[in-house]
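Raw contents of upload.txt, compact mmCIF, C-alpha atoms:
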# COMPACT_ATOMS: atom_id res chain seq x y z
CA MET A 29 115.51 243.38 87.55
CA SER A 30 114.82 244.18 91.16
CA LYS A 31 116.86 246.83 92.89
CA MET A 32 119.19 246.08 95.74
CA HIS A 33 119.88 248.05 98.88
CA VAL A 34 123.32 249.66 98.68
CA LYS A 35 125.24 250.96 101.69
CA LEU A 36 128.57 252.74 101.24
CA THR A 37 130.87 255.08 103.07
CA VAL A 38 131.76 257.88 100.68
CA ASN A 39 134.23 260.55 101.75
CA GLY A 40 133.64 259.62 105.38
CA LYS A 41 129.83 259.77 105.22
CA GLN A 42 127.45 256.83 105.34
CA VAL A 43 125.21 256.79 102.30
CA GLU A 44 122.44 254.44 101.23
CA GLY A 45 120.42 253.96 98.12
CA LEU A 46 118.62 251.55 95.85
CA ALA A 47 120.29 250.41 92.65
CA GLU A 48 120.03 247.68 90.08
CA PRO A 49 123.03 245.33 90.45
CA ARG A 50 124.13 246.26 86.91
CA THR A 51 124.56 249.91 87.91
CA LEU A 52 128.18 250.94 87.47
CA LEU A 53 129.76 252.64 90.45
CA ILE A 54 130.55 255.78 88.41
CA HIS A 55 126.85 256.19 87.56
CA PHE A 56 125.78 255.61 91.17
CA LEU A 57 128.26 258.22 92.41
CA ARG A 58 127.42 260.84 89.80
CA GLU A 59 123.68 260.35 89.26
CA ASP A 60 122.39 259.04 92.59
CA LEU A 61 124.81 260.65 95.04
CA LYS A 62 125.52 263.73 92.87
CA ILE A 63 129.24 263.29 93.51
CA THR A 64 130.49 264.50 90.15
CA GLY A 65 134.24 264.69 90.79
CA PRO A 66 134.95 261.30 89.20
CA HIS A 67 134.50 261.73 85.46
CA ILE A 68 133.30 259.42 82.70
CA GLY A 69 136.06 259.55 80.11
CA CYS A 70 136.65 256.58 77.85
CA GLU A 71 134.19 254.22 79.61
CA THR A 72 136.52 251.34 78.69
CA SER A 73 138.86 251.28 81.72
CA HIS A 74 141.74 252.90 79.87
CA CYS A 75 141.77 256.61 80.73
CA GLY A 76 141.49 256.64 84.54
CA ALA A 77 139.28 259.77 84.77
CA CYS A 78 136.78 257.75 86.84
CA THR A 79 139.40 256.57 89.36
CA VAL A 80 138.22 256.43 92.98
CA ASP A 81 139.80 254.94 96.09
CA ILE A 82 138.00 251.81 97.33
CA ASP A 83 139.18 250.29 100.62
CA GLY A 84 142.71 251.55 99.99
CA LYS A 85 142.95 250.63 96.30
CA SER A 86 142.82 252.85 93.22
CA VAL A 87 139.97 251.50 91.09
CA LYS A 88 138.30 252.53 87.84
CA SER A 89 134.68 253.09 88.83
CA CYS A 90 133.44 252.70 85.23
CA THR A 91 134.46 249.03 85.41
CA THR A 92 132.98 248.25 88.83
CA PHE A 93 129.40 247.31 89.63
CA VAL A 94 127.97 249.04 92.66
CA ALA A 95 126.91 245.56 93.81
CA GLN A 96 130.57 244.52 94.04
CA VAL A 97 131.47 247.35 96.40
CA ASN A 98 128.41 247.19 98.65
CA GLY A 99 129.74 247.95 102.15
CA ALA A 100 133.00 249.53 100.94
CA ASP A 101 134.76 252.71 102.01
CA ILE A 102 135.17 255.03 99.02
CA THR A 103 137.11 258.27 98.60
CA THR A 104 136.69 260.58 95.62
CA VAL A 105 138.56 263.79 94.79
CA GLU A 106 135.96 265.67 96.87
CA GLY A 107 137.21 263.79 99.93
CA LEU A 108 140.80 264.95 99.51
CA THR A 109 140.27 268.54 100.64
CA ASN A 110 141.43 269.71 104.04
CA ASP A 111 138.95 269.48 106.92
CA ASP A 112 138.10 273.18 106.55
CA GLY A 113 137.22 272.67 102.87
CA SER A 114 140.37 274.32 101.51
CA LEU A 115 142.40 272.54 98.85
CA GLY A 116 144.37 269.52 100.05
CA VAL A 117 148.10 269.23 99.38
CA LEU A 118 147.78 267.36 96.06
CA GLN A 119 145.02 269.67 94.86
CA GLU A 120 147.05 272.74 95.82
CA MET A 121 150.21 271.42 94.15
CA PHE A 122 148.32 270.58 90.93
CA ARG A 123 147.15 274.22 90.92
CA GLU A 124 150.55 275.67 91.76
CA HIS A 125 152.52 273.57 89.24
CA HIS A 126 149.91 273.85 86.51
CA GLY A 127 149.26 270.11 86.59
CA LEU A 128 146.06 270.62 84.63
CA GLN A 129 144.78 272.50 81.65
CA CYS A 130 141.24 271.42 80.72
CA GLY A 131 140.92 269.63 84.06
CA PHE A 132 138.96 266.62 82.83
CA CYS A 133 141.53 264.02 83.94
CA THR A 134 142.42 265.85 87.16
CA PRO A 135 140.03 264.17 89.64
CA GLY A 136 141.30 260.75 88.57
CA MET A 137 144.91 261.93 88.56
CA ILE A 138 144.68 263.35 92.08
CA THR A 139 142.79 260.37 93.51
CA ARG A 140 145.33 257.95 92.01
CA ALA A 141 148.29 260.10 93.14
CA HIS A 142 146.84 260.09 96.68
CA ARG A 143 147.07 256.29 96.87
CA LEU A 144 150.48 256.26 95.19
CA LEU A 145 151.89 258.60 97.86
CA GLN A 146 150.26 256.59 100.64
CA GLU A 147 152.11 253.50 99.40
CA ASN A 148 155.34 255.22 98.41
CA PRO A 149 155.94 258.53 100.22
CA ASN A 150 159.31 259.10 98.50
CA PRO A 151 158.77 258.24 94.83
CA THR A 152 161.36 258.82 92.13
CA GLU A 153 160.22 260.44 88.89
CA GLU A 154 160.16 256.95 87.37
CA ASP A 155 158.01 255.65 90.26
CA ILE A 156 155.56 258.50 89.65
CA ARG A 157 155.36 257.91 85.90
CA PHE A 158 154.92 254.14 86.39
CA GLY A 159 152.43 254.60 89.22
CA MET A 160 150.37 257.08 87.19
CA SER A 161 150.42 255.03 83.99
CA GLY A 162 146.72 254.15 84.31
CA ASN A 163 145.70 257.80 83.93
CA LEU A 164 145.71 259.59 80.61
CA CYS A 165 146.00 263.36 80.08
CA ARG A 166 145.65 264.85 76.59
CA CYS A 167 146.66 268.43 77.54
CA THR A 168 149.71 268.72 79.72
CA GLY A 169 152.22 266.25 78.32
CA TYR A 170 152.42 264.96 81.93
CA GLN A 171 155.52 266.98 82.89
CA ASN A 172 153.65 269.29 85.26
CA ILE A 173 151.58 266.45 86.66
CA VAL A 174 154.79 264.65 87.64
CA LYS A 175 156.14 267.89 89.15
CA ALA A 176 152.95 268.45 91.13
CA ILE A 177 153.04 264.94 92.59
CA ALA A 178 156.75 265.19 93.45
CA ALA A 179 156.12 268.55 95.15
CA SER A 180 153.18 267.01 97.04
CA ALA A 181 155.42 264.21 98.31
CA ASP A 182 157.95 266.77 99.59
CA MET A 183 155.26 268.86 101.26
CA LEU A 184 153.52 265.87 102.88
CA ASN A 185 156.86 264.61 104.20
CA ALA A 186 157.69 268.07 105.60
CA GLN A 187 154.27 268.24 107.27
CA LYS A 188 154.81 264.79 108.77
CA GLU A 189 158.22 265.79 110.10
CA ALA A 190 156.88 269.01 111.59
CA ALA A 191 154.14 267.03 113.35
CA GLU A 192 156.61 264.61 114.94
CA MET B 10 127.48 251.78 78.09
CA ILE B 11 125.16 249.95 80.44
CA PRO B 12 125.17 246.16 80.61
CA ALA B 13 122.06 244.01 80.51
CA GLY B 14 120.45 243.30 83.87
CA PHE B 15 121.39 240.35 86.05
CA GLU B 16 120.80 238.95 89.49
CA TYR B 17 123.81 239.37 91.79
CA HIS B 18 125.09 236.64 94.13
CA ARG B 19 127.92 236.84 96.67
CA PRO B 20 128.34 233.31 98.08
CA GLY B 21 130.59 232.77 101.09
CA ASP B 22 132.07 229.40 100.16
CA ILE B 23 132.97 227.34 97.10
CA ALA B 24 130.14 224.80 97.59
CA SER B 25 127.49 227.57 97.55
CA ALA B 26 129.04 229.11 94.45
CA ILE B 27 128.95 225.77 92.63
CA GLY B 28 125.37 225.29 93.77
CA ILE B 29 124.37 228.57 92.11
CA LEU B 30 126.18 227.57 88.91
CA GLN B 31 124.36 224.21 88.91
CA GLU B 32 120.99 225.81 89.55
CA HIS B 33 121.24 228.33 86.70
CA GLY B 34 123.40 226.46 84.18
CA ASP B 35 124.73 228.60 81.35
CA GLU B 36 122.65 231.54 82.61
CA ALA B 37 125.25 232.01 85.39
CA ARG B 38 128.87 233.13 85.32
CA VAL B 39 131.44 233.78 88.00
CA ILE B 40 133.15 237.15 88.36
CA ALA B 41 136.52 237.73 90.02
CA GLY B 42 138.06 241.18 89.47
CA GLY B 43 135.78 241.71 86.51
CA HIS B 44 138.18 243.71 84.38
CA SER B 45 137.86 241.28 81.46
CA LEU B 46 134.19 240.42 81.98
CA ILE B 47 132.66 243.82 82.77
CA PRO B 48 133.98 245.50 79.57
CA MET B 49 132.43 242.61 77.58
CA MET B 50 129.15 243.01 79.47
CA LYS B 51 129.15 246.76 78.76
CA LEU B 52 129.57 246.02 75.06
CA ARG B 53 126.71 243.47 75.40
CA MET B 54 129.05 240.82 74.06
CA ALA B 55 128.52 238.96 77.34
CA GLU B 56 125.09 238.65 78.97
CA MET B 57 124.02 236.46 81.84
CA GLY B 58 121.04 236.21 84.14
CA HIS B 59 123.12 235.52 87.24
CA LEU B 60 126.49 236.92 88.23
CA VAL B 61 128.32 234.99 90.96
CA ASP B 62 130.84 237.23 92.72
CA LEU B 63 133.68 235.21 94.29
CA GLN B 64 135.09 238.02 96.47
CA ALA B 65 133.73 236.75 99.80
CA ILE B 66 135.15 233.22 99.50
CA GLU B 67 138.14 232.99 101.84
CA GLU B 68 139.32 229.64 100.40
CA LEU B 69 140.12 231.42 97.13
CA LYS B 70 142.53 233.88 98.74
CA GLY B 71 146.11 233.81 99.90
CA ILE B 72 149.63 233.16 98.68
CA GLU B 73 151.53 230.25 100.25
CA VAL B 74 155.25 229.98 99.66
CA GLY B 75 156.65 226.55 100.54
CA SER B 76 160.13 225.21 99.92
CA ASP B 77 159.04 223.10 96.90
CA THR B 78 155.72 224.61 95.90
CA VAL B 79 154.02 227.99 95.73
CA THR B 80 150.24 228.05 95.73
CA LEU B 81 148.15 231.03 94.71
CA GLY B 82 144.45 231.39 95.50
CA ALA B 83 142.43 232.22 92.41
CA MET B 84 141.33 235.57 93.89
CA VAL B 85 144.89 236.79 94.52
CA THR B 86 145.24 240.11 92.68
CA GLN B 87 148.12 241.17 90.46
CA GLN B 88 148.90 243.84 93.06
CA GLU B 89 149.21 241.16 95.75
CA LEU B 90 151.56 239.17 93.51
CA ILE B 91 153.71 242.29 93.11
CA THR B 92 153.82 243.32 96.77
CA HIS B 93 154.09 239.90 98.47
CA ASP B 94 157.35 239.57 100.39
CA GLY B 95 158.28 235.92 99.90
CA LEU B 96 156.96 235.38 96.37
CA ALA B 97 159.48 237.58 94.56
CA SER B 98 162.41 235.66 96.01
CA ALA B 99 160.81 232.21 95.47
CA ILE B 100 159.68 232.79 91.86
CA PRO B 101 160.80 236.24 90.62
CA LEU B 102 159.25 235.59 87.20
CA ILE B 103 155.72 236.06 88.57
CA ARG B 104 156.33 239.56 89.89
CA GLU B 105 158.26 240.55 86.77
CA ALA B 106 155.31 239.53 84.57
CA ALA B 107 152.61 240.95 86.84
CA LEU B 108 154.24 244.38 86.63
CA GLN B 109 153.75 244.29 82.87
CA ILE B 110 150.02 243.51 83.00
CA ALA B 111 147.52 246.31 82.35
CA ASP B 112 147.96 249.41 84.55
CA PRO B 113 148.05 250.10 88.31
CA GLN B 114 144.29 250.47 88.78
CA VAL B 115 143.54 247.26 86.90
CA ARG B 116 146.23 245.39 88.87
CA TYR B 117 144.55 246.26 92.20
CA VAL B 118 141.47 244.25 91.20
CA GLY B 119 142.55 241.93 88.38
CA THR B 120 143.12 238.40 89.71
CA VAL B 121 145.51 235.64 88.76
CA GLY B 122 142.63 233.15 88.66
CA GLY B 123 140.60 235.30 86.28
CA ASN B 124 143.65 235.85 84.11
CA VAL B 125 144.35 232.12 83.69
CA ALA B 126 140.72 230.89 83.60
CA ASN B 127 139.41 233.38 81.05
CA GLY B 128 141.19 231.67 78.17
CA ASP B 129 141.96 234.94 76.37
CA PRO B 130 145.13 234.41 74.29
CA GLY B 131 146.12 238.00 75.16
CA ASN B 132 146.36 237.31 78.90
CA ASP B 133 149.94 237.04 80.19
CA MET B 134 149.55 234.54 83.04
CA PRO B 135 148.60 231.47 80.95
CA GLY B 136 151.91 231.43 79.06
CA LEU B 137 153.75 232.19 82.26
CA MET B 138 152.05 229.28 84.05
CA GLN B 139 152.91 226.95 81.18
CA CYS B 140 156.55 228.04 81.40
CA LEU B 141 156.51 227.35 85.16
CA ASN B 142 154.66 224.03 84.66
CA ALA B 143 151.88 225.08 87.03
CA THR B 144 148.81 223.01 87.88
CA PHE B 145 145.28 224.43 88.14
CA GLU B 146 142.89 223.06 90.72
CA LEU B 147 139.21 222.95 89.71
CA SER B 148 136.20 222.39 91.98
CA GLY B 149 132.86 221.29 90.62
CA PRO B 150 129.74 219.29 91.46
CA ASP B 151 131.76 216.06 91.24
CA GLY B 152 134.56 217.23 93.50
CA ARG B 153 138.06 218.45 92.80
CA ARG B 154 140.49 217.72 90.01
CA SER B 155 143.80 219.10 88.79
CA VAL B 156 144.76 220.04 85.25
CA ALA B 157 148.27 220.98 84.11
CA ALA B 158 148.53 224.50 82.68
CA ARG B 159 150.13 222.93 79.60
CA GLU B 160 146.95 220.83 79.06
CA PHE B 161 144.36 223.46 80.02
CA TYR B 162 143.98 225.63 76.92
CA GLU B 163 142.00 224.30 73.94
CA ALA B 164 141.23 227.41 71.85
CA ALA B 165 140.49 231.09 72.44
CA TYR B 166 138.12 231.21 75.46
CA PHE B 167 137.84 227.40 75.47
CA THR B 168 139.58 225.57 78.30
CA ALA B 169 139.44 222.25 80.13
CA ARG B 170 137.24 223.87 82.79
CA ASP B 171 133.59 222.76 82.71
CA ASP B 172 130.84 225.40 83.00
CA GLU B 173 129.94 224.29 86.53
CA GLU B 174 133.55 224.24 87.74
CA ILE B 175 135.49 227.02 89.45
CA LEU B 176 139.25 227.38 89.17
CA THR B 177 140.23 227.62 92.84
CA ARG B 178 144.02 227.45 93.22
CA ILE B 179 147.24 227.37 91.23
CA SER B 180 150.21 225.25 92.33
CA ILE B 181 153.65 226.08 90.98
CA PRO B 182 156.84 224.10 91.55
CA VAL B 183 159.61 226.39 92.84
CA PRO B 184 162.30 226.41 90.12
CA GLY B 185 165.04 226.52 92.74
CA ALA B 186 168.44 228.19 92.98
CA GLY B 187 170.45 228.53 89.81
CA VAL B 188 167.46 228.81 87.48
CA GLY B 189 167.37 232.17 85.65
CA GLN B 190 163.93 233.56 84.78
CA ALA B 191 162.72 236.42 82.59
CA TYR B 192 159.51 237.81 81.09
CA GLU B 193 159.73 240.09 78.05
CA LYS B 194 156.66 241.77 76.58
CA GLN B 195 156.26 244.05 73.58
CA LYS B 196 153.11 246.17 73.72
CA ARG B 197 151.92 249.27 71.88
CA LYS B 198 151.03 251.18 75.03
CA ILE B 199 150.45 250.76 78.76
CA GLY B 200 147.44 248.54 79.32
CA ASP B 201 147.68 246.84 75.95
CA TYR B 202 147.90 243.11 75.39
CA ALA B 203 151.20 241.81 74.06
CA THR B 204 152.15 242.01 70.41
CA ALA B 205 154.42 239.20 71.57
CA ALA B 206 155.64 238.12 75.00
CA ALA B 207 158.09 235.44 76.13
CA ALA B 208 158.49 233.60 79.44
CA VAL B 209 161.82 231.82 79.88
CA MET B 210 163.41 229.66 82.60
CA VAL B 211 166.89 228.27 82.12
CA GLY B 212 169.54 226.69 84.35
CA ASN B 213 170.78 223.44 85.91
CA GLY B 214 170.59 221.72 82.51
CA HIS B 215 166.86 222.45 82.10
CA ALA B 216 164.89 225.08 80.22
CA SER B 217 161.26 226.02 79.63
CA VAL B 218 159.97 228.51 77.07
CA ALA B 219 156.42 229.79 76.48
CA MET B 220 154.95 232.65 74.47
CA THR B 221 151.81 234.80 74.66
CA ASN B 222 149.31 236.14 72.10
CA LEU B 223 150.89 234.43 69.11
CA ALA B 224 148.22 231.75 68.61
CA ASP B 225 144.68 231.11 69.89
CA THR B 226 146.22 229.56 73.01
CA PRO B 227 149.48 230.20 74.85
CA VAL B 228 152.35 228.30 73.24
CA TRP B 229 154.72 226.16 75.30
CA SER B 230 157.16 224.28 73.10
CA ASP B 231 158.90 221.09 74.14
CA SER B 232 161.42 221.24 71.30
CA ALA B 233 162.21 224.93 71.88
CA SER B 234 162.69 224.19 75.58
CA ASN B 235 164.96 221.21 74.84
CA ALA B 236 167.06 223.23 72.40
CA LEU B 237 167.61 225.93 75.02
CA ALA B 238 168.45 223.33 77.66
CA ASP B 239 171.23 222.21 75.28
CA GLY B 240 172.43 225.80 74.97
CA ASP B 241 171.19 226.16 71.38
CA VAL B 242 169.56 229.63 71.38
CA SER B 243 169.05 229.80 67.60
CA GLY B 244 167.53 226.33 67.62
CA CYS B 245 165.19 227.39 70.42
CA VAL B 246 164.03 230.47 68.51
CA ALA B 247 163.58 228.49 65.30
CA ALA B 248 161.53 225.82 67.07
CA MET B 249 159.33 228.45 68.72
CA LEU B 250 158.73 230.26 65.41
CA GLU B 251 157.52 226.91 64.06
CA ALA B 252 155.20 226.43 67.03
CA ILE B 253 153.46 229.83 67.02
CA ASP B 254 150.64 230.71 64.65
CA PRO B 255 149.95 234.46 64.81
CA VAL B 256 147.23 236.14 62.76
CA ALA B 257 147.26 239.66 61.31
CA ASP B 258 145.32 242.23 63.33
CA ASN B 259 145.70 245.82 64.55
CA ARG B 260 148.97 244.85 66.24
CA GLY B 261 150.50 244.08 62.87
CA PRO B 262 150.85 241.58 60.03
CA VAL B 263 152.04 238.01 60.55
CA GLU B 264 155.62 238.71 59.43
CA PHE B 265 155.94 241.56 61.95
CA LYS B 266 154.57 239.44 64.79
CA LYS B 267 157.03 236.65 64.04
CA HIS B 268 159.84 239.19 63.97
CA VAL B 269 158.77 240.66 67.33
CA ALA B 270 158.33 237.15 68.75
CA ALA B 271 161.93 236.28 67.91
CA VAL B 272 163.23 239.56 69.38
CA MET B 273 161.26 239.10 72.62
CA LEU B 274 162.35 235.48 72.96
CA ARG B 275 166.04 236.27 72.40
CA ARG B 276 165.89 239.12 74.93
CA ALA B 277 164.15 236.94 77.51
CA ILE B 278 166.68 234.15 76.99
CA GLU B 279 169.61 236.53 77.34
CA ARG B 280 168.24 238.01 80.56
CA ALA B 281 167.29 234.62 82.01
CA GLN B 282 170.77 233.25 81.23
CA SER B 283 172.42 236.26 82.88
CA ARG B 284 170.42 235.47 86.02
CA ALA B 285 171.14 231.71 85.99
CA GLY B 286 173.56 230.40 88.60
When written as structure tokens, how does the structure in this file appear?
Amino acid sequence: MSKMHVKLTVNGKQVEGLAEPRTLLIHFLREDLKITGPHIGCETSHCGACTVDIDGKSVKSCTTFVAQVNGADITTVEGLTNDDGSLGVLQEMFREHHGLQCGFCTPGMITRAHRLLQENPNPTEEDIRFGMSGNLCRCTGYQNIVKAIAASADMLNAQKEAAE
Amino acid sequence: MIPAGFEYHRPGDIASAIGILQEHGDEARVIAGGHSLIPMMKLRMAEMGHLVDLQAIEELKGIEVGSDTVTLGAMVTQQELITHDGLASAIPLIREAALQIADPQVRYVGTVGGNVANGDPGNDMPGLMQCLNATFELSGPDGRRSVAAREFYEAAYFTARDDEEILTRISIPVPGAGVGQAYEKQKRKIGDYATAAAAVMVGNGHASVAMTNLADTPVWSDSASNALADGDVSGCVAAMLEAIDPVADNRGPVEFKKHVAAVMLRRAIERAQSRAG
């Protein structure tokens, strides 16, 4: 199969490469672009460890061909730091509230939570649990993940208010 | 898990897409959101030489809410069904069911057209569309035709759609004021298909009842619907249990599935009745 020319914006940077159409986005990110934040977990679109943000949607990159997203704007967990490279609000709150133990699910959790808070800046606990139901964690029991996301919502809202 | 190779096409209109299907015959398949097809391709249970991505075809997009009819483009995602302003008030049943499909990430890309066209008995939208008496519009080399959702499903993965046809739009009559609607689904976990699910409409002397994943097609039952229209809930459940034909699998033995089917149907009926005018 001949390779196709792929152009993407990833974490604000234009990137290009050659890929077979059958290449899954997760493999293109990790192996071609060396962006290894998104993880390969179950490989069957259940666990959410490979979640990335594509044109404002949370998507499982293990179930997406790179051909389908040619031209898209993609954000991974690496793109959610502050401009100076320090931890972004969600990343900092996951650290502070112990929202991770082994850390394998964390990039997907944070990337999904980012989109959830963009769409719903004041989520209830139930909103958070429902909105995060496509991401599995086998360590934490979820309690601290929910706390970290709720704390992130509060902090982001406070920052927004201070800026106004 | 890497699928077999294929050539990728992204046509810009329906005619071009049909042209590619005609040119390559059963070597070509269309892809919408891909969250049913890509897992099968990764398992090498589906292989094709040509993949026809429908994402760039504007005619397949959009939700139109009219006073008598709602139409959904085949490429409308579950997320769009959930967040659309007018749809939830016109036909609340669609949003209620869409929220119970898969998980948030899958709902951003999974489409209503893919869900109904795939012919998987586990998909929720086919039973729902039978309950709502929807019509599917198909485009192919010989032009357009319409098939009722209640006539569309032949067996698991076999439908009235020909290989060179594309399911383009879904038309749904608006049930109108006074009709209560409910969708109840039992599943083992988030993202799972239903052990049993029930779609119910009741009110104004009419009723419609359909169930999901309890046979190799969705099951809409005329006699169950008539019984409910007459206010006979037990008769409705009994008629539906006659109509379904579940098989034992990892969701449970036949007796369990029939039990769950009856529980889901009774719950859906109760909730739909409480919402009826």
Would you give me, as a tab-separated table, each residue of chain A having an atom within 6 Å of an atom of chain B, along with its shortest atom pair and that distance in Å to one decimal, using only C-alpha atoms and sorting by chain and residue number?
residue	atom	partner	partner_atom	distance
A:Arg50	CA	B:Gly14	CA	5.6
A:Ser86	CA	B:Gln114	CA	5.2
A:Val87	CA	B:Gln114	CA	5.0
A:Gly162	CA	B:Asp112	CA	4.9
Worksheet item: Do you know which residues lie at most 10 Å from (145.6, 225.8, 83.7), with coordinates as in the file and all atoms listed in the file counted, and could you write them as a ChimeraX atom specification?
Response: /B:122,125-126,128,134-136,138-139,142-147,155-162,168-170,176,178-180
Item to complete: Could you give me, as number ranges by chain, the residues within 12 Å of stretch 145-161 of chain A, counting all atoms listed in the file and dropping anything in the same chain fewer than 3 positions from it?
Response: A: 74-77, 79, 81, 84-86, 117-118, 133-134, 136-142, 164-165, 169-186, 188; B: 88, 92, 108-117, 198-201
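Atom CA of B:Ile66 to atom CA of B:Ala37 spans 17.3 Å [interatomic distance, one decimal].
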Practice prompt. Can you work out which one of B:Glu279, B:Asp254, B:Glu36, B:Glu193 has the shortest atom-to-atom distance to B:Ile103, counting all atoms listed in the file?
Written response: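 Closest candidate: B:Glu193.
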Give me stretch 168-181 of chain A from this structure - C-alpha atoms, as a PDB file, in the first residue's frame.
ATOM      1  CA  THR A 168      -7.360   4.871  42.366  1.00  0.00           C
ATOM      2  CA  GLY A 169     -10.984   3.811  42.663  1.00  0.00           C
ATOM      3  CA  TYR A 170     -11.720   7.128  40.882  1.00  0.00           C
ATOM      4  CA  GLN A 171     -12.440   9.130  44.054  1.00  0.00           C
ATOM      5  CA  ASN A 172      -9.304  11.251  43.792  1.00  0.00           C
ATOM      6  CA  ILE A 173      -9.687  11.659  40.051  1.00  0.00           C
ATOM      7  CA  VAL A 174     -13.144  13.148  40.615  1.00  0.00           C
ATOM      8  CA  LYS A 175     -11.726  15.402  43.350  1.00  0.00           C
ATOM      9  CA  ALA A 176      -8.892  16.567  41.100  1.00  0.00           C
ATOM     10  CA  ILE A 177     -11.285  17.477  38.288  1.00  0.00           C
ATOM     11  CA  ALA A 178     -13.681  19.285  40.648  1.00  0.00           C
ATOM     12  CA  ALA A 179     -10.745  21.229  42.114  1.00  0.00           C
ATOM     13  CA  SER A 180      -9.561  22.072  38.583  1.00  0.00           C
ATOM     14  CA  ALA A 181     -13.001  23.448  37.730  1.00  0.00           C
TER      15      ALA A 181
END
